[in-house]
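target-v8.cif follows; it contains mmCIF, C-alpha atoms and all ligand atoms.
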```cif
data_coords
loop_
_atom_site.label_atom_id
_atom_site.label_comp_id
_atom_site.auth_asym_id
_atom_site.auth_seq_id
_atom_site.Cartn_x
_atom_site.Cartn_y
_atom_site.Cartn_z
CA MET A 1 -17.25 -3.90 -4.00
CA THR A 2 -17.11 -7.62 -3.49
CA ALA A 3 -14.97 -10.40 -4.82
CA ARG A 4 -16.93 -13.57 -4.30
CA HIS A 5 -14.88 -15.21 -7.04
CA CYS A 6 -11.77 -14.91 -4.92
CA GLY A 7 -13.42 -15.27 -1.55
CA ALA A 8 -12.72 -18.96 -1.11
CA ILE A 9 -9.07 -18.60 -2.03
CA VAL A 10 -8.56 -15.63 0.20
CA GLY A 11 -10.45 -17.30 3.01
CA ALA A 12 -8.08 -20.22 2.80
CA MET A 13 -5.18 -17.84 3.19
CA LEU A 14 -6.48 -16.49 6.49
CA LEU A 15 -4.93 -19.42 8.30
CA ALA A 16 -2.29 -17.26 9.92
CA GLY A 17 -1.87 -17.62 13.66
CA ALA A 18 -1.62 -14.80 16.17
CA HIS A 19 0.31 -11.80 14.92
CA PRO A 20 1.07 -8.59 16.72
CA VAL A 21 -1.14 -5.74 15.59
CA PRO A 22 0.96 -3.17 13.71
CA ALA A 23 1.70 -0.18 15.89
CA GLN A 24 -0.28 2.35 13.89
CA GLN A 25 -4.00 2.50 14.58
CA PRO A 26 -6.58 3.89 12.14
CA ASP A 27 -6.30 7.65 11.93
CA PRO A 28 -9.09 9.18 9.83
CA ALA A 29 -7.39 12.60 9.80
CA ALA A 30 -4.20 11.15 8.31
CA ALA A 31 -6.22 9.21 5.73
CA ALA A 32 -8.07 12.38 4.73
CA ARG A 33 -4.88 14.42 4.49
CA LEU A 34 -3.16 11.89 2.23
CA MET A 35 -6.22 11.61 0.01
CA ASP A 36 -6.45 15.37 -0.22
CA GLU A 37 -2.81 15.61 -1.32
CA LEU A 38 -3.36 12.93 -3.93
CA MET A 39 -6.69 14.18 -5.26
CA TRP A 40 -5.52 17.74 -5.84
CA GLY A 41 -1.95 16.98 -6.74
CA ARG A 42 -0.63 19.04 -3.85
CA GLU A 43 2.49 16.94 -3.40
CA PRO A 44 4.68 14.83 -5.67
CA VAL A 45 3.56 11.20 -5.83
CA GLY A 46 5.85 8.18 -5.78
CA SER A 47 9.42 7.62 -4.71
CA PRO A 48 12.42 5.41 -5.39
CA PHE A 49 12.26 2.09 -3.55
CA THR A 50 14.36 -0.94 -2.76
CA LEU A 51 12.17 -3.87 -1.73
CA THR A 52 12.13 -7.67 -1.88
CA ASP A 53 10.01 -9.44 -4.46
CA HIS A 54 7.99 -12.64 -4.09
CA THR A 55 10.97 -14.72 -5.20
CA GLY A 56 13.20 -13.16 -2.54
CA ARG A 57 15.10 -10.94 -5.00
CA THR A 58 15.92 -7.32 -4.24
CA ARG A 59 14.11 -5.00 -6.66
CA THR A 60 14.37 -1.27 -7.19
CA ASP A 61 12.13 1.15 -9.06
CA ALA A 62 15.03 2.01 -11.38
CA GLU A 63 15.00 -1.40 -13.06
CA PHE A 64 11.50 -0.76 -14.40
CA ARG A 65 12.40 2.32 -16.44
CA GLY A 66 11.06 2.02 -19.95
CA LYS A 67 7.85 0.42 -18.71
CA LEU A 68 4.63 1.85 -17.42
CA LEU A 69 4.06 0.76 -13.82
CA LEU A 70 0.75 -0.05 -12.19
CA VAL A 71 1.43 0.26 -8.47
CA TYR A 72 -1.04 -1.11 -5.96
CA PHE A 73 -0.77 -1.25 -2.15
CA GLY A 74 -2.63 -3.97 -0.29
CA TYR A 75 -2.18 -7.22 1.60
CA THR A 76 -2.75 -10.86 0.88
CA SER A 77 -5.35 -11.52 3.57
CA CYS A 78 -7.47 -8.56 2.45
CA PRO A 79 -11.05 -9.85 2.36
CA ASP A 80 -12.39 -8.02 -0.67
CA VAL A 81 -10.92 -4.85 -2.17
CA CYS A 82 -7.45 -6.18 -2.99
CA PRO A 83 -8.63 -9.32 -4.80
CA THR A 84 -11.13 -7.29 -6.81
CA ASP A 85 -8.61 -4.69 -7.91
CA LEU A 86 -5.85 -7.21 -8.59
CA GLN A 87 -8.29 -9.15 -10.71
CA GLU A 88 -8.99 -6.00 -12.74
CA ILE A 89 -5.27 -5.27 -13.06
CA ALA A 90 -4.73 -8.80 -14.38
CA LEU A 91 -7.63 -8.42 -16.83
CA THR A 92 -6.20 -5.08 -17.95
CA LEU A 93 -2.93 -6.76 -18.93
CA ASP A 94 -4.85 -9.42 -20.84
CA ARG A 95 -6.95 -6.78 -22.62
CA LEU A 96 -3.78 -4.97 -23.73
CA GLY A 97 -2.47 -8.12 -25.41
CA PRO A 98 1.18 -7.96 -26.53
CA ALA A 99 1.25 -4.21 -25.80
CA GLY A 100 0.75 -5.17 -22.17
CA ASP A 101 4.36 -6.36 -22.05
CA ALA A 102 5.28 -2.70 -21.66
CA VAL A 103 3.23 -2.50 -18.47
CA GLN A 104 4.53 -3.90 -15.18
CA PRO A 105 2.06 -4.38 -12.31
CA LEU A 106 3.46 -4.17 -8.76
CA PHE A 107 1.64 -5.26 -5.63
CA ILE A 108 3.31 -3.71 -2.58
CA SER A 109 2.28 -5.33 0.69
CA VAL A 110 1.28 -3.09 3.58
CA ASP A 111 1.39 -6.17 5.80
CA PRO A 112 5.07 -7.11 5.62
CA ASP A 113 4.96 -9.06 8.91
CA ARG A 114 2.63 -11.64 7.42
CA ASP A 115 3.34 -11.16 3.72
CA THR A 116 6.69 -12.88 3.40
CA PRO A 117 8.02 -13.57 -0.10
CA ASP A 118 6.59 -17.11 0.07
CA VAL A 119 3.13 -15.90 1.02
CA LEU A 120 3.29 -13.25 -1.70
CA ALA A 121 4.41 -15.81 -4.28
CA ARG A 122 1.35 -17.97 -3.66
CA TYR A 123 -0.89 -14.92 -3.79
CA VAL A 124 0.33 -13.06 -6.89
CA GLY A 125 0.25 -16.35 -8.80
CA LEU A 126 -3.50 -16.46 -8.30
CA PHE A 127 -3.92 -13.31 -10.36
CA HIS A 128 -1.36 -12.98 -13.13
CA PRO A 129 2.01 -14.55 -13.98
CA ARG A 130 3.50 -11.09 -14.54
CA LEU A 131 2.31 -9.56 -11.27
CA ILE A 132 5.27 -8.83 -8.98
CA GLY A 133 4.66 -8.85 -5.22
CA LEU A 134 6.91 -6.66 -3.09
CA THR A 135 7.55 -6.67 0.63
CA GLY A 136 10.22 -5.38 2.99
CA ALA A 137 10.92 -3.92 6.40
CA ALA A 138 7.89 -2.19 7.92
CA GLU A 139 9.61 1.23 7.98
CA LYS A 140 10.55 0.95 4.32
CA ILE A 141 7.01 0.03 3.33
CA ARG A 142 5.65 2.93 5.35
CA GLU A 143 8.05 5.31 3.62
CA VAL A 144 7.08 4.17 0.12
CA ALA A 145 3.36 4.14 0.92
CA LEU A 146 3.51 7.68 2.30
CA ALA A 147 5.31 8.84 -0.84
CA TYR A 148 2.38 7.44 -2.84
CA LYS A 149 -0.13 9.00 -0.42
CA ALA A 150 -1.35 5.49 0.34
CA TYR A 151 -2.92 5.26 3.78
CA TYR A 152 -3.05 2.07 5.82
CA ALA A 153 -3.51 1.07 9.44
CA GLY A 154 -3.95 -2.29 11.12
CA TYR A 155 -6.52 -3.02 13.78
CA ARG A 156 -8.06 -6.01 15.48
CA PRO A 157 -11.74 -6.46 14.62
CA PRO A 158 -14.18 -6.14 17.57
CA ASP A 159 -15.35 -9.73 17.07
CA GLY A 160 -11.81 -10.97 17.66
CA GLY A 161 -9.75 -12.82 15.12
CA ASP A 162 -6.55 -11.76 13.42
CA TYR A 163 -5.91 -8.13 12.63
CA VAL A 164 -7.11 -6.54 9.45
CA ILE A 165 -5.64 -3.56 7.66
CA ASP A 166 -7.65 -0.60 6.58
CA HIS A 167 -6.04 0.76 3.41
CA THR A 168 -6.65 2.97 0.41
CA GLY A 169 -6.94 1.16 -2.89
CA PHE A 170 -5.76 3.52 -5.60
CA ILE A 171 -3.98 2.05 -8.60
CA TYR A 172 -1.12 4.37 -9.52
CA LEU A 173 0.07 4.71 -13.09
CA MET A 174 3.74 5.63 -13.36
CA GLY A 175 5.39 6.61 -16.64
CA CYS A 176 8.33 5.00 -18.43
CA ASP A 177 10.70 7.49 -16.80
CA GLY A 178 9.29 6.80 -13.32
CA ASP A 179 7.18 9.95 -13.26
CA TYR A 180 3.72 9.87 -11.76
CA LEU A 181 0.98 10.02 -14.40
CA GLY A 182 -2.14 9.61 -12.28
CA PHE A 183 -4.28 7.14 -10.39
CA PHE A 184 -7.26 4.91 -11.06
CA PRO A 185 -9.84 4.86 -8.26
CA PRO A 186 -10.54 1.49 -6.63
CA GLY A 187 -13.06 -0.46 -8.67
CA THR A 188 -12.00 0.97 -12.06
CA PRO A 189 -12.93 -1.72 -14.59
CA ALA A 190 -10.23 -3.33 -16.71
CA ASP A 191 -11.62 -2.00 -20.00
CA ARG A 192 -11.33 1.57 -18.75
CA MET A 193 -7.80 1.07 -17.46
CA ALA A 194 -6.75 -0.62 -20.69
CA ALA A 195 -8.13 2.24 -22.80
CA ILE A 196 -6.27 4.87 -20.77
CA ILE A 197 -3.04 2.87 -20.69
CA ARG A 198 -3.22 2.27 -24.44
CA ALA A 199 -3.27 6.04 -24.98
CA HIS A 200 -0.11 6.41 -22.85
CA LEU A 201 1.63 3.58 -24.69
CA LYS A 202 1.14 5.48 -27.97
CA GLU A 203 2.78 8.61 -26.63
NI NI B 1 -7.11 -4.75 0.36
#
```
Serialized structure, C-alpha cells:
Amino acid sequence: MTARHCGAIVGAMLLAGAHPVPAQQPDPAAAARLMDELMWGREPVGSPFTLTDHTGRTRTDAEFRGKLLLVYFGYTSCPDVCPTDLQEIALTLDRLGPAGDAVQPLFISVDPDRDTPDVLARYVGLFHPRLIGLTGAAEKIREVALAYKAYYAGYRPPDGGDYVIDHTGFIYLMGCDGDYLGFFPPGTPADRMAAIIRAHLKE
C-alpha cells in the first residue's frame, strides 16, 4: 500500500521538531488481541466520545445521530497508510454524490501531542472539505481507540528521526443510531465502500 500521490504533501508535514515518544511501545500481543476481538465480534465496538475538532470546537458522537459515520484512526505524519485510506474515504463520498451528505467521515488522531487542531485543519483539508479531524487528551484518545479495538503505539525508528506510530487502519462504519455496523479493511477501494454504504443508506 503506497500513496505516492500524497507523499510530497505528507513529507512536507514532517517538519516537526523533537517530540517525546508516547509512553506506550509496540506490543504485538495487544495488537493481536484487539484484532481478534474486532474480527470475530467478541466485544462491542465503538463508544461515546467528547473530542476537539480541527476548528477547535468540542464535538461529541451524539451530534452525528442520523448520519452514517466512517471512523478512521491515524495521524497526520503517517507516511503511507493514512493518506491512502483517507483518499479512498474522500473518493467514497464523491462517488455517493448527494447521498453522501448522510455520511460523516471522522479522522481521529492517535498522535494528539503533534496533531493539534491547527495541524489537523491543514491535513483534513487536503482530502475532503467534509472530513472532520478530531484530537484530544492522550488518555481520552486511548479510551476511544480501545473501544474501537484500534491498536496504536509510537516508537522511534532505528535510523533516528522523529517517532512514528504503528497503528491499525480499519475504517469503521457506524449506523445512524450510533451502533456499530462493521469495518472496512485498510485498502478497501472507494467503489466497494460506496456500494456497501449505499445499501445501508437505503435501509
Ligand atoms: Ni497511518
Would you mind listing the residues within 12 Å of ligand NI 1 (chain B), counting all atoms listed in the file, as number ranges by chain? A: 1-3, 10, 72-87, 107-111, 150-154, 164-171, 186-187
For Asp191 of chain A, list every protein, DNA or RNA residue within 7 Å, evaluated using all atoms listed in the file, and leave out those in the same chain fewer than 3 positions away; present the list as a list in words. Thr92, Ala194 and Ala195 of chain A
To one decimal place in Å, what is the distance between atom CA of Glu88 of chain A and atom CA of Met193 of chain A?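 Computing the Euclidean distance for atom CA of Glu88 of chain A and atom CA of Met193 of chain A yields 8.6 Å.
Rounded to one decimal, atom CA of Arg192 of chain A and atom CA of Tyr180 of chain A lie 18.6 Å from each other.
Using all atoms listed in the file, the smallest distance between any of A:Pro112, A:Glu203, A:Ala190, A:Arg198 and Thr52 of chain A comes from A:Pro112.
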Using all atoms listed in the file, can you list as JSON, numbers by chain the residues within 10 Å of (16.3, -4.9, -4.8)? {"A": [49, 50, 51, 52, 53, 56, 57, 58, 59, 60, 61, 62, 63, 134, 136]}
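Distance check against Leu131 of chain A using all atoms listed in the file: of A:Thr188, A:Gln104, A:Thr55, A:Ser47, the minimum falls on A:Gln104.
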Excluding segment 39-42 of chain A and its own-chain neighbours fewer than 3 positions away, which residues fall within 10 Å of it when counting only C-alpha atoms? Please give them as an MDAnalysis selection string. chainID A and resid 33:36 45 149 182:183
Since the input is missing atoms, can you rebuild N, CA and C atoms for segment 129-155 of chain A and write them as a short mmCIF file (atom, residue, chain, number, x, y, z; two decimals), in the frame of the given file?
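This went into part00.cif:
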```
data_model
loop_
_atom_site.label_atom_id
_atom_site.label_comp_id
_atom_site.auth_asym_id
_atom_site.auth_seq_id
_atom_site.Cartn_x
_atom_site.Cartn_y
_atom_site.Cartn_z
N PRO A 129 0.60 -14.11 -14.04
CA PRO A 129 2.01 -14.55 -13.98
C PRO A 129 2.99 -13.38 -13.99
N ARG A 130 2.56 -12.21 -14.47
CA ARG A 130 3.50 -11.09 -14.54
C ARG A 130 3.38 -10.14 -13.35
N LEU A 131 2.46 -10.42 -12.45
CA LEU A 131 2.31 -9.56 -11.27
C LEU A 131 3.48 -9.80 -10.32
N ILE A 132 4.15 -8.72 -9.93
CA ILE A 132 5.27 -8.83 -8.98
C ILE A 132 4.79 -8.37 -7.61
N GLY A 133 4.98 -9.21 -6.60
CA GLY A 133 4.66 -8.85 -5.22
C GLY A 133 5.92 -8.32 -4.56
N LEU A 134 5.77 -7.26 -3.78
CA LEU A 134 6.91 -6.66 -3.09
C LEU A 134 6.64 -6.54 -1.60
N THR A 135 7.66 -6.83 -0.81
CA THR A 135 7.55 -6.67 0.63
C THR A 135 8.89 -6.14 1.14
N GLY A 136 8.98 -5.93 2.44
CA GLY A 136 10.22 -5.38 2.99
C GLY A 136 10.03 -4.99 4.44
N ALA A 137 11.02 -4.35 5.00
CA ALA A 137 10.92 -3.92 6.40
C ALA A 137 9.76 -2.93 6.55
N ALA A 138 9.08 -3.01 7.69
CA ALA A 138 7.89 -2.19 7.92
C ALA A 138 8.16 -0.70 7.69
N GLU A 139 9.33 -0.21 8.12
CA GLU A 139 9.61 1.23 7.98
C GLU A 139 9.77 1.59 6.51
N LYS A 140 10.36 0.68 5.75
CA LYS A 140 10.55 0.95 4.32
C LYS A 140 9.21 1.01 3.59
N ILE A 141 8.33 0.07 3.95
CA ILE A 141 7.01 0.03 3.33
C ILE A 141 6.26 1.31 3.66
N ARG A 142 6.36 1.72 4.91
CA ARG A 142 5.65 2.93 5.35
C ARG A 142 6.13 4.14 4.55
N GLU A 143 7.43 4.21 4.35
CA GLU A 143 8.05 5.31 3.62
C GLU A 143 7.53 5.37 2.17
N VAL A 144 7.53 4.21 1.52
CA VAL A 144 7.08 4.17 0.12
C VAL A 144 5.59 4.50 0.04
N ALA A 145 4.81 3.91 0.94
CA ALA A 145 3.36 4.14 0.92
C ALA A 145 3.05 5.63 1.12
N LEU A 146 3.76 6.25 2.05
CA LEU A 146 3.51 7.68 2.30
C LEU A 146 3.85 8.50 1.07
N ALA A 147 4.91 8.12 0.37
CA ALA A 147 5.31 8.84 -0.84
C ALA A 147 4.22 8.73 -1.92
N TYR A 148 3.48 7.64 -1.88
CA TYR A 148 2.38 7.44 -2.84
C TYR A 148 1.05 7.95 -2.28
N LYS A 149 1.09 8.52 -1.08
CA LYS A 149 -0.13 9.00 -0.42
C LYS A 149 -1.09 7.85 -0.14
N ALA A 150 -0.52 6.66 0.04
CA ALA A 150 -1.35 5.49 0.34
C ALA A 150 -1.45 5.36 1.86
N TYR A 151 -2.68 5.36 2.35
CA TYR A 151 -2.92 5.26 3.78
C TYR A 151 -3.19 3.81 4.15
N TYR A 152 -2.66 3.38 5.29
CA TYR A 152 -3.05 2.07 5.82
C TYR A 152 -2.84 2.04 7.32
N ALA A 153 -3.64 1.24 7.99
CA ALA A 153 -3.51 1.07 9.44
C ALA A 153 -4.14 -0.25 9.83
N GLY A 154 -3.44 -0.99 10.69
CA GLY A 154 -3.95 -2.29 11.12
C GLY A 154 -4.77 -2.15 12.39
N TYR A 155 -5.76 -2.98 12.52
CA TYR A 155 -6.52 -3.02 13.78
C TYR A 155 -7.13 -4.40 13.94
#
```
